Amino acid sequence: MSKAVIPHKDAIIDKGSFRNVMALALDPSTHYKTGLIRCITKRTGKLHVRGYIDESLLYKVERSGLEHFIITDRLKIENENELINNLTGGRKFLGLEDPDIWLDEESQRLHVYYTIPFLDENRKKTETYLGHAEGNDLDSLKMTAPLISPDAQISRAKEVSIAPKNSRGVRLNLIESRERNDTIDYSTVRVAVAPNPSDNWSLGNLVFHPKTNGYDWCSGHASPGPMFSKNFIDVGKNKVLAILNGREKEVRKNGKAYYGMFSVGLMIYNFEEGKIEWTSKQPLIKDPNAKTITFASQFVQTNANEGILYAHIDDSFVRAYTLRADGLRSLLP
């Protein structure tokens, strides 16, 4: 790590009765004092071997100190059971995953995005939808139809990263998708064209493929992370600096695929044209306690030059890192 990153010592989520928690998302409407966490209720398989399955629930969290959150109540969403039952189609529902919280400052409506995963147990294949709910706060959410559904082109849509509006008033958001190439499944980054926050999203261009765009640290899988505001660090007109979560190539031994190391890097995204113009040659953060995963899910700016990045380690606990804008600038082209 560089002078751009100062790791905090301890895990920041009191896990309570859960063994594994991950994907912290905080609510800007409460000044990041509350939020959501994904709690793993069952894990089948090994985290470093392709094919493991997690079952999850989303819970609310509250801040009880500067670097400490406690898990409170399970998230309740109106219409959830009805909509999930309509989607199931004989597959096993694995529970809502990987939330992102976004406040529409124009309408003051709160939007929550999440993964809706299903397991086809006969084909041993998972398919995931990008889900959405909105309300005045986390206690008044109502689920809508999925924004993006799996089809012949992609079998996964998740990990949304909300972009600023472009000159046409459209947000060219980024999502993680899945592409198959030479019998290998890659997690890739694709544009999700969003005329509004809550419906009529469509798939746009593939903007990052690990096989063709990735350095060693992100040559196996990639997923978009938080975008930084221009008042934290400005990288030019119609561009934002953002997190790219990347994974090294898988290694195959004795018929099994073993995942490479997931770590946190940087990218510059042109939100006017929907293009990733630059990615860091090296990761920004690779947690020393991580055996296979360091994955960033939330950034909160705390002053003009600093902010807190939250990342989960081995899909098990969450750590905080202070990011310094002056240090980040020294890493940019």
# chains A, B, ... in the order shown; residues from 1 in each chain; ligands from 1
>>> residues_around(residues="region 283-294 of chain A", least_positions_apart="4", cutoff="9 Å", atoms="only C-alpha atoms", output="JSON, numbers by chain")
{"A": [1, 2, 4, 5, 7, 47, 48, 217, 218, 244, 245, 246, 247, 259, 260, 261, 262, 263, 264, 265, 266, 311, 312, 313, 314, 315]}
>>> write_last_selection(atoms="N, CA and C atoms", output="JSON list (two decimals), in the first residue's frame")
[["chain", "number", "residue", "atom", "x", "y", "z"],
["A", 1, "MET", "N", 0.83, -1.20, 0.00],
["A", 1, "MET", "CA", 0.00, 0.00, 0.00],
["A", 1, "MET", "C", 0.87, 1.25, 0.00],
["A", 2, "SER", "N", 0.33, 2.38, -0.45],
["A", 2, "SER", "CA", 1.08, 3.62, -0.56],
["A", 2, "SER", "C", 0.59, 4.62, 0.47],
["A", 4, "ALA", "N", -1.31, 6.81, -0.07],
["A", 4, "ALA", "CA", -2.70, 7.10, -0.38],
["A", 4, "ALA", "C", -3.65, 6.34, 0.54],
["A", 5, "VAL", "N", -3.17, 5.27, 1.18],
["A", 5, "VAL", "CA", -4.04, 4.37, 1.95],
["A", 5, "VAL", "C", -3.50, 4.18, 3.36],
["A", 7, "PRO", "N", -4.60, 1.77, 6.42],
["A", 7, "PRO", "CA", -5.54, 0.74, 6.89],
["A", 7, "PRO", "C", -5.86, 0.92, 8.36],
["A", 47, "LEU", "N", -14.30, -21.17, -0.18],
["A", 47, "LEU", "CA", -14.29, -19.83, -0.74],
["A", 47, "LEU", "C", -13.30, -19.67, -1.88],
["A", 48, "HIS", "N", -12.21, -20.40, -1.86],
["A", 48, "HIS", "CA", -11.17, -20.23, -2.88],
["A", 48, "HIS", "C", -11.34, -21.18, -4.06],
["A", 217, "TRP", "N", -3.23, -8.31, -11.88],
["A", 217, "TRP", "CA", -4.07, -8.27, -10.67],
["A", 217, "TRP", "C", -5.57, -8.32, -11.00],
["A", 218, "CYS", "N", -5.93, -7.99, -12.24],
["A", 218, "CYS", "CA", -7.36, -8.00, -12.64],
["A", 218, "CYS", "C", -7.57, -8.73, -13.95],
["A", 244, "LEU", "N", -11.99, -0.11, -8.93],
["A", 244, "LEU", "CA", -12.17, -1.34, -9.70],
["A", 244, "LEU", "C", -11.71, -2.49, -8.83],
["A", 245, "ASN", "N", -12.61, -3.40, -8.51],
["A", 245, "ASN", "CA", -12.25, -4.63, -7.80],
["A", 245, "ASN", "C", -11.83, -5.67, -8.84],
["A", 246, "GLY", "N", -10.62, -6.19, -8.70],
["A", 246, "GLY", "CA", -10.10, -7.11, -9.71],
["A", 246, "GLY", "C", -9.52, -8.37, -9.11],
["A", 247, "ARG", "N", -9.58, -9.43, -9.89],
["A", 247, "ARG", "CA", -9.08, -10.72, -9.42],
["A", 247, "ARG", "C", -8.08, -11.30, -10.40],
["A", 259, "TYR", "N", -9.60, -19.97, -7.33],
["A", 259, "TYR", "CA", -9.62, -18.53, -7.58],
["A", 259, "TYR", "C", -8.28, -17.89, -7.25],
["A", 260, "GLY", "N", -7.96, -16.83, -8.01],
["A", 260, "GLY", "CA", -6.82, -16.00, -7.68],
["A", 260, "GLY", "C", -7.21, -14.97, -6.63],
["A", 261, "MET", "N", -6.27, -14.10, -6.29],
["A", 261, "MET", "CA", -6.49, -13.09, -5.26],
["A", 261, "MET", "C", -7.32, -11.93, -5.80],
["A", 262, "PHE", "N", -8.37, -11.55, -5.06],
["A", 262, "PHE", "CA", -9.17, -10.37, -5.36],
["A", 262, "PHE", "C", -8.55, -9.19, -4.61],
["A", 263, "SER", "N", -8.37, -8.06, -5.27],
["A", 263, "SER", "CA", -7.83, -6.87, -4.62],
["A", 263, "SER", "C", -8.50, -5.63, -5.19],
["A", 264, "VAL", "N", -8.16, -4.48, -4.62],
["A", 264, "VAL", "CA", -8.83, -3.22, -4.92],
["A", 264, "VAL", "C", -7.89, -2.32, -5.70],
["A", 265, "GLY", "N", -8.34, -1.87, -6.88],
["A", 265, "GLY", "CA", -7.55, -0.96, -7.70],
["A", 265, "GLY", "C", -8.33, 0.27, -8.09],
["A", 266, "LEU", "N", -7.82, 0.99, -9.06],
["A", 266, "LEU", "CA", -8.41, 2.25, -9.50],
["A", 266, "LEU", "C", -8.71, 2.22, -10.99],
["A", 311, "ALA", "N", -14.18, -2.20, 2.93],
["A", 311, "ALA", "CA", -14.00, -3.38, 2.10],
["A", 311, "ALA", "C", -14.18, -4.63, 2.95],
["A", 312, "HIS", "N", -14.72, -5.69, 2.34],
["A", 312, "HIS", "CA", -14.84, -6.94, 3.08],
["A", 312, "HIS", "C", -13.70, -7.88, 2.71],
["A", 313, "ILE", "N", -13.24, -8.59, 3.73],
["A", 313, "ILE", "CA", -12.10, -9.48, 3.60],
["A", 313, "ILE", "C", -12.59, -10.92, 3.63],
["A", 314, "ASP", "N", -12.27, -11.66, 2.56],
["A", 314, "ASP", "CA", -12.65, -13.08, 2.45],
["A", 314, "ASP", "C", -14.14, -13.30, 2.71],
["A", 315, "ASP", "N", -14.98, -12.34, 2.26],
["A", 315, "ASP", "CA", -16.43, -12.43, 2.44],
["A", 315, "ASP", "C", -16.78, -12.79, 3.88]]
>>> residues_around(residues="Ile71 (chain A)", least_positions_apart="2", cutoff="10 Å", atoms="only C-alpha atoms", output="ChimeraX atom specification")
/A:13-18,21,34-37,39,59-63,69,73-74
>>> write_last_selection(atoms="C-alpha atoms", output="CSV table (one decimal), in the first residue's frame")
chain,number,residue,atom,x,y,z
A,13,ILE,CA,-18.9,-4.7,12.2
A,14,ASP,CA,-20.0,-6.5,15.3
A,15,LYS,CA,-21.1,-9.7,13.6
A,16,GLY,CA,-23.3,-10.9,16.4
A,17,SER,CA,-24.5,-14.5,15.8
A,18,PHE,CA,-23.3,-14.4,12.1
A,21,VAL,CA,-20.7,-10.6,6.9
A,34,THR,CA,-27.2,3.6,9.2
A,35,GLY,CA,-27.0,1.1,6.3
A,36,LEU,CA,-27.2,-2.5,5.2
A,37,ILE,CA,-25.0,-5.5,5.5
A,39,CYS,CA,-25.1,-11.7,6.4
A,59,TYR,CA,-29.8,-6.8,7.7
A,60,LYS,CA,-29.7,-3.1,8.8
A,61,VAL,CA,-26.7,-1.7,10.7
A,62,GLU,CA,-26.3,1.3,12.9
A,63,ARG,CA,-23.1,3.2,13.8
A,69,PHE,CA,-21.4,-0.7,13.5
A,73,ASP,CA,-33.1,-5.8,12.3
A,74,ARG,CA,-33.5,-7.8,9.1
>>> select_by_dssp(residues="region 35-278 of chain A", states="strand (DSSP E or B)", output="PyMOL selection string")
chain A and resi 35-44+49+53-65+68-74+78+92-93+97-104+109-120+125-135+142-143+148+157-161+165+171-181+184-194+202-208+221-227+239-247+251-253+256-258+262-270+275-278
>>> closest_atom_pairs(of="region 107-134 of chain A", to="region 193-208 of chain A", cutoff="8 Å", atoms="only C-alpha atoms", output="JSON lines")
{"residue": "A:His111", "atom": "CA", "partner": "A:Pro197", "partner_atom": "CA", "distance": 7.5}
{"residue": "A:His132", "atom": "CA", "partner": "A:Ser198", "partner_atom": "CA", "distance": 6.9}
{"residue": "A:Ala133", "atom": "CA", "partner": "A:Ser198", "partner_atom": "CA", "distance": 7.8}
{"residue": "A:Glu134", "atom": "CA", "partner": "A:Ser198", "partner_atom": "CA", "distance": 7.8}
>>> write_last_selection(atoms="C-alpha atoms", output="compact mmCIF listing (two decimals), in the first residue's frame")
# COMPACT_ATOMS: atom_id res chain seq x y z
CA HIS A 111 -32.97 3.69 -3.87
CA HIS A 132 -34.32 -2.52 -6.93
CA ALA A 133 -36.46 -1.05 -4.16
CA GLU A 134 -37.22 2.54 -3.24
>>> residues_around(residues="Val49 (chain A)", least_positions_apart="2", cutoff="7 Å", atoms="only C-alpha atoms", output="list in words")
Lys46, Leu47, Gly51, Tyr52, Ala257, Tyr258 and Tyr259 of chain A
>>> residues_around(residues="Gly274 (chain A)", least_positions_apart="4", cutoff="12 Å", atoms="only C-alpha atoms", output="list of chain:residue names")
A:Ala163, A:Pro164, A:Lys165, A:Asn166, A:Ser167, A:Val170, A:Arg171, A:Leu172, A:Asn173, A:Leu174, A:Ile175, A:Val189, A:Arg190, A:Val191, A:Ala192, A:Val193, A:Ala194, A:Leu203, A:Gly204, A:Asn205, A:Leu206, A:Val207, A:Phe208, A:Asn238, A:Lys239, A:Val240, A:Ile268, A:Tyr269, A:Asn270
>>> select_by_dssp(residues="region 20-221 of chain A", states="helix (DSSP H, G or I)", output="PyMOL selection string")
chain A and resi 28-30+80-88+210-213+216-218
>>> residues_around(residues="region 78-88 of chain A", least_positions_apart="3", cutoff="7 Å", atoms="only C-alpha atoms", output="list in words")
Arg91, Lys92, Phe93, Leu141, Lys142 and Met143 of chain A
>>> write_last_selection(atoms="all heavy atoms", output="short mmCIF file (atom, residue, chain, number, x, y, z; two decimals), in the first residue's frame")
data_model
loop_
_atom_site.label_atom_id
_atom_site.label_comp_id
_atom_site.auth_asym_id
_atom_site.auth_seq_id
_atom_site.Cartn_x
_atom_site.Cartn_y
_atom_site.Cartn_z
N ARG A 91 -36.41 -22.71 -9.43
CA ARG A 91 -35.04 -22.56 -8.95
C ARG A 91 -35.03 -22.25 -7.46
O ARG A 91 -36.03 -21.86 -6.88
CB ARG A 91 -34.32 -21.45 -9.72
CG ARG A 91 -34.23 -21.71 -11.22
CD ARG A 91 -33.76 -20.48 -11.98
NE ARG A 91 -34.71 -19.37 -11.85
CZ ARG A 91 -34.54 -18.17 -12.43
NH1 ARG A 91 -33.45 -17.94 -13.15
NH2 ARG A 91 -35.44 -17.22 -12.28
N LYS A 92 -33.88 -22.39 -6.83
CA LYS A 92 -33.74 -22.10 -5.41
C LYS A 92 -33.31 -20.66 -5.21
O LYS A 92 -32.27 -20.24 -5.73
CB LYS A 92 -32.72 -23.05 -4.77
CG LYS A 92 -32.55 -22.84 -3.27
CD LYS A 92 -31.54 -23.82 -2.69
CE LYS A 92 -31.38 -23.62 -1.19
NZ LYS A 92 -30.42 -24.58 -0.61
N PHE A 93 -34.07 -19.90 -4.45
CA PHE A 93 -33.72 -18.53 -4.13
C PHE A 93 -32.69 -18.52 -3.01
O PHE A 93 -32.87 -19.14 -1.97
CB PHE A 93 -34.98 -17.76 -3.71
CG PHE A 93 -34.73 -16.36 -3.25
CD1 PHE A 93 -33.98 -15.48 -4.01
CD2 PHE A 93 -35.26 -15.91 -2.05
CE1 PHE A 93 -33.75 -14.18 -3.59
CE2 PHE A 93 -35.05 -14.61 -1.62
CZ PHE A 93 -34.29 -13.74 -2.40
N LEU A 141 -39.27 0.78 2.22
CA LEU A 141 -38.90 0.36 0.88
C LEU A 141 -39.98 -0.51 0.24
O LEU A 141 -40.60 -1.34 0.90
CB LEU A 141 -37.59 -0.42 0.90
CG LEU A 141 -36.34 0.34 1.34
CD1 LEU A 141 -35.16 -0.61 1.43
CD2 LEU A 141 -36.02 1.48 0.38
N LYS A 142 -40.16 -0.32 -1.05
CA LYS A 142 -41.06 -1.16 -1.84
C LYS A 142 -40.29 -1.71 -3.03
O LYS A 142 -39.64 -0.97 -3.76
CB LYS A 142 -42.27 -0.36 -2.32
CG LYS A 142 -43.30 -1.20 -3.08
CD LYS A 142 -44.53 -0.39 -3.43
CE LYS A 142 -45.57 -1.25 -4.16
NZ LYS A 142 -46.80 -0.46 -4.47
N MET A 143 -40.34 -3.03 -3.21
CA MET A 143 -39.60 -3.68 -4.29
C MET A 143 -40.29 -3.45 -5.62
O MET A 143 -41.52 -3.50 -5.72
CB MET A 143 -39.45 -5.18 -4.01
CG MET A 143 -38.54 -5.90 -4.99
SD MET A 143 -38.29 -7.66 -4.58
CE MET A 143 -37.19 -7.53 -3.17
#
>>> atom_distance(atom1="CA of Glu127 (chain A)", atom2="CA of Glu97 (chain A)")
12.7 Å
>>> residues_around(residues="Leu130 (chain A)", least_positions_apart="4", cutoff="9 Å", atoms="only C-alpha atoms", output="count of residues only")
16
>>> closest_residue(among="A:Ala242, A:Leu94, A:Leu309, A:Leu331", to="Glu121 (chain A)", atoms="only C-alpha atoms")
A:Leu94
>>> residues_around(residues="Ser219 (chain A)", least_positions_apart="3", cutoff="6 Å", atoms="only C-alpha atoms", output="short mmCIF file (atom, residue, chain, number, x, y, z; two decimals) with N, CA and C atoms, in the first residue's frame")
data_model
loop_
_atom_site.label_atom_id
_atom_site.label_comp_id
_atom_site.auth_asym_id
_atom_site.auth_seq_id
_atom_site.Cartn_x
_atom_site.Cartn_y
_atom_site.Cartn_z
N PRO A 210 -11.47 -8.80 -18.39
CA PRO A 210 -10.16 -9.12 -17.80
C PRO A 210 -9.18 -9.75 -18.78
N LYS A 211 -9.69 -10.54 -19.72
CA LYS A 211 -8.77 -11.24 -20.63
C LYS A 211 -8.07 -10.27 -21.56
N GLY A 214 -7.15 -6.47 -18.78
CA GLY A 214 -6.65 -6.53 -17.42
C GLY A 214 -5.14 -6.69 -17.30
N TYR A 215 -4.57 -6.05 -16.27
CA TYR A 215 -3.22 -6.36 -15.82
C TYR A 215 -3.29 -7.64 -14.98
N ASP A 216 -2.16 -8.13 -14.51
CA ASP A 216 -2.15 -9.40 -13.78
C ASP A 216 -3.14 -9.41 -12.62
N GLU A 248 -7.05 -11.95 -9.86
CA GLU A 248 -6.07 -12.63 -10.69
C GLU A 248 -6.70 -13.85 -11.38
N LYS A 249 -6.01 -14.40 -12.36
CA LYS A 249 -6.51 -15.56 -13.09
C LYS A 249 -6.69 -16.76 -12.16
#
>>> atom_distance(atom1="CA of Lys3 (chain A)", atom2="CA of Leu332 (chain A)")
13.5 Å
>>> atom_distance(atom1="CA of Glu105 (chain A)", atom2="CA of Thr302 (chain A)")
18.9 Å
